[in-house]
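Q: Supplied in structure tokens, the structure appears directly below.
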Amino acid sequence: MSEPFDAVDVIKAKRDGGRLSEAQIDWVIDAYTRGVVAEEQMAALAMAVFWRGLEPAELARWTLAMLNSGERLDFSGLGRPTADKHSTGGVGDKITLPLGPLVASCGVAVPQLSGRGLGHTGGTLDKLESIPGWRAALTNQEMRRQLADVGAVICQAGSGLAPADRKLYALRDVTGTVDCIPLIASSIMSKKIAEGTAALVLDVKCGSGAFMRDFDSAHELARTMVGIGAAHGVATTALITDMSTPLGLTAGNALEVRESVEVLAGGGPKDVVDLTLALAREMLASAGVEADPADNLANGKAMDVWRRMIAAQGGDPAAELPWAKHTHDVVAEASGTLARLDALQVGVAAWRLGAGRARKEDPVQAGAGVVMHAKPGDQVSAGQPLMTLHTDTPDRFERALEALDGAWTISQEPFEASPVVLDRVA
Ligand code: URA
């Protein structure tokens with residue numbers, strides 16, 4: 001079959017700052033998914049988009065073409081509203097774990113398709129796989145059944161969902177084209193719209209541990225994604241949240257599951273609880289349900305859904321979670337107020353300890369990671385442990401400690417930590 005366009009013409013049009021037509025966009029995404037547009041051609045086009053951007057109409061079409069590259073799930077017949085959350089990713093970001101069961105316990109079904117970690121940010125599936133027996137892969141039928149029975153599911157996206165993004169994301173990862181607002185926005189939104197949720201809340205992270213380092217670019221990404229959601233009939237809002245320091249007191253798979261269970265039991269670190277509740281309130285409001293989610297953390301209803309959700313996917317919610325074999329304390333060199341603890345550096349340390357992977361096929365260590373004993377704003381004393389590093393392979397401590405070099409500041413001045421939620425975009 002002859003092709004209606006030539007990839008080189010499409011690349012040159014964008015390279016020279018032109019606007020791509022709907023037909024060109026439809027074709028290039030489809031032809032890339034079919035393998036007709038070569039990887040190096042798509043890499044060149046992604047780089048051209050990186051520099052030249054996409055106009056709003058081009059971005060809308062690009063997202064639609066990615067969405068149309070695969071199947072679209074439909075949960076409209078469940079008998080209760082659906083809502084989902086997507087985070088742009090950060091260090092210690094375990095919020096999906098308590099949030100899904102919490103929102104489900106308030107009567108809204110939560111179909112969460114999640115990913116694995118690559119680089120310094122952790123992946124929700126890696127975290128849940130530290131629970132003995134838990135499995136990430138569900139068929140569409142199993143997902144629907146669990147949503148109807150339990151109300152919450154967190155599983156791996158099937159290969160039929162936005163396959164264009166699967167290919168393009170892997171290509172962007174190795175061609176320096178990940179941190180590009182139109183490409184991030186179309187990647188995230190094509191998958192979330194394909195997932196079939198009626199309402200969506202975005203957690204757009206901003207700070208050293210996030211894709212978006214500064215507030216203005218986080219705001220622009222949030223506005224772009226909210227606009228795409230609205231154009232596709234998905235009620236979408238976004239919170240811009242702080243990722244200059246890790247969320248909570250743990251970064252690492254089993255360590256983060258333990259902290260999430262503490263939140264579900266009515267405890268846990270304040271920033272994790274605050275963000276879980278803020279996102280839950282957004283999801284419930286978008287789904288049109290009036291309830292105070294804080295009640296269900298206190299009364300055990302969210303914990304009950306968590307246990308049923310884990311068990312439905314083969315996991316044992318009562319099982320002892322793995323601990324790493326070796327630990328190493330990092331101590332404060334002075335007394336004062338912890339004024340800074342850098343998210344990126346803690347994330348890289350956790351990754352080097354074995355919590356993350358360098359290549360897609362690498363295994364992760366369930367028990368590895370970093371436990372923090374103080375957060376910005378806390379008083380610390382010289383000699384007190386600031387962090388404990390956990391790993392099964394002690395030869396990793398040295399590289400993790402290198403990553404932490406200069407990661408914190410202890411100040412003699414009073415310091416007040418900023419709130420976790422910085423802004424809301426609707
Ligand atoms: N997450 C995604 O799914 N896609 C991106 O492009 C960036 C983060």
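For the structure tokens, the naming scheme is as follows: chains receive sequential letters (A, B, ...) according to their order of presentation, residues are indexed from 1 within each chain, and ligands are indexed from 1 in presentation order.
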For the interface of chain A with ligand 1 (cut-off 7 Å, counting only C-alpha atoms and all ligand atoms), please tabulate each contacting residue of chain A alongside its nearest pair of atoms and their separation in Å to one decimal, rows sorted by chain and increasing number, as JSON lines.

A:
```
{"residue": "A:Thr88", "atom": "CA", "partner": "ligand 1", "partner_atom_place_in_ligand_line": "8 (C)", "distance": 5.5}
{"residue": "A:Tyr169", "atom": "CA", "partner": "ligand 1", "partner_atom_place_in_ligand_line": "6 (O)", "distance": 6.2}
{"residue": "A:Val178", "atom": "CA", "partner": "ligand 1", "partner_atom_place_in_ligand_line": "6 (O)", "distance": 5.7}
{"residue": "A:Leu183", "atom": "CA", "partner": "ligand 1", "partner_atom_place_in_ligand_line": "6 (O)", "distance": 5.8}
{"residue": "A:Ile184", "atom": "CA", "partner": "ligand 1", "partner_atom_place_in_ligand_line": "6 (O)", "distance": 3.4}
{"residue": "A:Ala185", "atom": "CA", "partner": "ligand 1", "partner_atom_place_in_ligand_line": "6 (O)", "distance": 6.7}
{"residue": "A:Ser187", "atom": "CA", "partner": "ligand 1", "partner_atom_place_in_ligand_line": "4 (N)", "distance": 4.6}
{"residue": "A:Ile188", "atom": "CA", "partner": "ligand 1", "partner_atom_place_in_ligand_line": "3 (O)", "distance": 4.4}
```

Q: Extract, using only C-alpha atoms, all DNA, RNA and protein residues at most 8 Å from range 40-53 of chain A, discarding same-chain residues fewer than 4 positions from it, and format them as a PyMOL selection string.

A: chain A and resi 7-8+10-11+14-15+17+32+168+171-172+175+177+180+182-183

Q: Could you dump the residues just selected with C-alpha atoms as a PDB file, in the first residue's frame?

A:
```
ATOM      1  CA  ALA A   7       8.071  11.048   6.854  1.00  0.00           C
ATOM      2  CA  VAL A   8      10.933  13.319   5.772  1.00  0.00           C
ATOM      3  CA  VAL A  10       6.618  15.866   7.926  1.00  0.00           C
ATOM      4  CA  ILE A  11       9.912  16.149   9.856  1.00  0.00           C
ATOM      5  CA  LYS A  14       8.019  20.792  11.900  1.00  0.00           C
ATOM      6  CA  ARG A  15      11.776  21.426  11.872  1.00  0.00           C
ATOM      7  CA  GLY A  17       8.437  25.797  12.390  1.00  0.00           C
ATOM      8  CA  TYR A  32       5.064   4.912  13.433  1.00  0.00           C
ATOM      9  CA  LEU A 168       7.244   6.848  21.567  1.00  0.00           C
ATOM     10  CA  LEU A 171      12.177   6.394  22.149  1.00  0.00           C
ATOM     11  CA  ARG A 172      11.959   9.762  23.955  1.00  0.00           C
ATOM     12  CA  THR A 175      16.749  10.664  22.668  1.00  0.00           C
ATOM     13  CA  THR A 177      12.990  14.397  24.347  1.00  0.00           C
ATOM     14  CA  CYS A 180       8.866  18.575  26.528  1.00  0.00           C
ATOM     15  CA  PRO A 182       3.369  18.922  24.505  1.00  0.00           C
ATOM     16  CA  LEU A 183       4.950  15.450  24.378  1.00  0.00           C
TER      17      LEU A 183
END
```

Q: Identify, on the basis of only C-alpha atoms, every residue whose closest approach to Met283 in chain A does not exceed 10 Å; exclude the query and any residue fewer than 2 positions from it along the same chain; express the result as number ranges by chain.

A: A: 82-85, 99, 103, 108, 110, 199-202, 235-237, 277-281, 285-289

Q: Taking 6 positions as the minimum chain separation for residues in the same chain, which residues sit within 12 Å of Ser186 in chain A when counting only C-alpha atoms? Answer as a PyMOL selection string.

A: chain A and resi 29+54+56+58-67+162+164-165+168-169+178+180+192-194+221-222+224-229

Q: With C-alpha atoms retained, could you export that selection as a PDB file, in the first residue's frame?

A:
```
ATOM      1  CA  ILE A  29       1.412   8.435  14.585  1.00  0.00           C
ATOM      2  CA  LEU A  54       2.824  22.074  18.950  1.00  0.00           C
ATOM      3  CA  PRO A  56      -3.143  23.819  20.613  1.00  0.00           C
ATOM      4  CA  GLU A  58      -1.934  20.233  16.651  1.00  0.00           C
ATOM      5  CA  LEU A  59      -1.610  19.010  20.249  1.00  0.00           C
ATOM      6  CA  ALA A  60      -5.299  18.072  20.384  1.00  0.00           C
ATOM      7  CA  ARG A  61      -4.926  16.055  17.167  1.00  0.00           C
ATOM      8  CA  TRP A  62      -1.632  14.479  18.265  1.00  0.00           C
ATOM      9  CA  THR A  63      -3.282  13.305  21.510  1.00  0.00           C
ATOM     10  CA  LEU A  64      -6.310  11.978  19.614  1.00  0.00           C
ATOM     11  CA  ALA A  65      -4.066  10.074  17.202  1.00  0.00           C
ATOM     12  CA  MET A  66      -2.175   8.483  20.130  1.00  0.00           C
ATOM     13  CA  LEU A  67      -5.482   7.615  21.800  1.00  0.00           C
ATOM     14  CA  ALA A 162      -2.166   3.719  23.492  1.00  0.00           C
ATOM     15  CA  ALA A 164       1.853   4.629  20.028  1.00  0.00           C
ATOM     16  CA  ASP A 165       2.778   6.127  23.397  1.00  0.00           C
ATOM     17  CA  LEU A 168       7.244   6.848  21.567  1.00  0.00           C
ATOM     18  CA  TYR A 169       7.921   7.090  25.309  1.00  0.00           C
ATOM     19  CA  VAL A 178      11.161  13.460  27.549  1.00  0.00           C
ATOM     20  CA  CYS A 180       8.866  18.575  26.528  1.00  0.00           C
ATOM     21  CA  LYS A 192      -5.645   8.396  30.857  1.00  0.00           C
ATOM     22  CA  ILE A 193      -8.443   9.061  28.351  1.00  0.00           C
ATOM     23  CA  ALA A 194      -8.007   5.535  26.918  1.00  0.00           C
ATOM     24  CA  LEU A 221       1.943  21.529  31.857  1.00  0.00           C
ATOM     25  CA  ALA A 222      -1.085  21.463  34.188  1.00  0.00           C
ATOM     26  CA  THR A 224      -2.167  22.000  28.865  1.00  0.00           C
ATOM     27  CA  MET A 225      -3.360  18.680  30.299  1.00  0.00           C
ATOM     28  CA  VAL A 226      -6.526  20.146  31.841  1.00  0.00           C
ATOM     29  CA  GLY A 227      -7.353  21.592  28.405  1.00  0.00           C
ATOM     30  CA  ILE A 228      -6.844  18.219  26.678  1.00  0.00           C
ATOM     31  CA  GLY A 229      -9.034  16.475  29.269  1.00  0.00           C
TER      32      GLY A 229
END
```

Q: Which residue gives the smallest distance to Leu147 in chain A among A:Glu361, A:Asp271, A:Glu3, A:Asp74, with only C-alpha atoms counted?

A: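 Among A:Glu361, A:Asp271, A:Glu3, A:Asp74, it is A:Asp74 that comes nearest to Leu147 in chain A.
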
Q: Could you name the residues that touch Gln412 in chain A at 10 Å or less, counting only C-alpha atoms, but leaving out those on the same chain fewer than 5 positions away, as a compact mmCIF listing (two decimals) with all heavy atoms, in the first residue's frame?

A:
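Final file, part-v4.txt:
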```
# COMPACT_ATOMS: atom_id res chain seq x y z
N ALA A 334 25.61 18.96 62.40
CA ALA A 334 25.45 20.13 63.27
C ALA A 334 24.04 20.11 63.85
O ALA A 334 23.18 19.38 63.36
CB ALA A 334 25.66 21.42 62.46
N SER A 335 23.83 20.94 64.87
CA SER A 335 22.48 21.09 65.42
C SER A 335 21.83 22.32 64.77
O SER A 335 22.52 23.28 64.42
CB SER A 335 22.53 21.30 66.93
OG SER A 335 23.12 20.17 67.54
N GLY A 336 20.53 22.31 64.61
CA GLY A 336 19.82 23.45 64.03
C GLY A 336 18.51 23.00 63.41
O GLY A 336 17.94 21.97 63.80
N THR A 337 18.04 23.77 62.43
CA THR A 337 16.79 23.43 61.73
C THR A 337 17.14 22.86 60.36
O THR A 337 17.95 23.45 59.64
CB THR A 337 15.94 24.70 61.52
OG1 THR A 337 15.81 25.36 62.76
CG2 THR A 337 14.56 24.35 60.98
N LEU A 338 16.55 21.73 60.02
CA LEU A 338 16.76 21.20 58.67
C LEU A 338 16.01 22.13 57.71
O LEU A 338 14.79 22.27 57.78
CB LEU A 338 16.23 19.77 58.58
CG LEU A 338 16.56 19.04 57.28
CD1 LEU A 338 18.08 18.81 57.12
CD2 LEU A 338 15.85 17.69 57.20
N ALA A 339 16.79 22.81 56.85
CA ALA A 339 16.17 23.82 55.99
C ALA A 339 16.01 23.32 54.55
O ALA A 339 15.33 23.96 53.75
CB ALA A 339 17.03 25.09 55.99
N GLN A 379 13.71 20.29 63.87
CA GLN A 379 14.95 20.52 64.61
C GLN A 379 15.79 19.25 64.60
O GLN A 379 15.24 18.16 64.77
CB GLN A 379 14.63 20.87 66.07
CG GLN A 379 13.94 22.21 66.26
CD GLN A 379 14.79 23.35 65.73
OE1 GLN A 379 15.95 23.48 66.09
NE2 GLN A 379 14.23 24.16 64.85
```

Q: Using DSSP assignments from the backbone, pull out every residue in range 38-265 of chain A that falls under alpha helix (DSSP H) and give it to me as number ranges by chain.

A: A: 39-52, 56-67, 96-105, 124-128, 140-149, 163-173, 181-194, 215-231, 253-264

Q: Might you pull out every residue within 7 Å of Ala355 in chain A, with only C-alpha atoms counted and same-chain residues fewer than 4 positions away left off, and present them as a list in words?

A: Gly252, Asn253, Ala350, Trp351, Val364, Gln365, Ala366, Ala368 and Gly369 of chain A

Q: Between A:Pro4, A:Gly196, A:Pro317, A:Pro163, which residue has the minimum interatomic distance to Asp304 in chain A, considering only C-alpha atoms?

A: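 Of A:Pro4, A:Gly196, A:Pro317, A:Pro163, the one nearest Asp304 in chain A is A:Pro317, counting only C-alpha atoms.
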
Q: Residues at most 10 Å from Asp149 in chain A, counting only C-alpha atoms, excluding those fewer than 5 positions away in the same chain, as a PyMOL selection string?

A: chain A and resi 78+109+143-144+308-309+312

Q: In range 135-210 of chain A, what's strand (DSSP E or B) per DSSP? Answer as number ranges by chain?

A: A: 152-156, 199-206
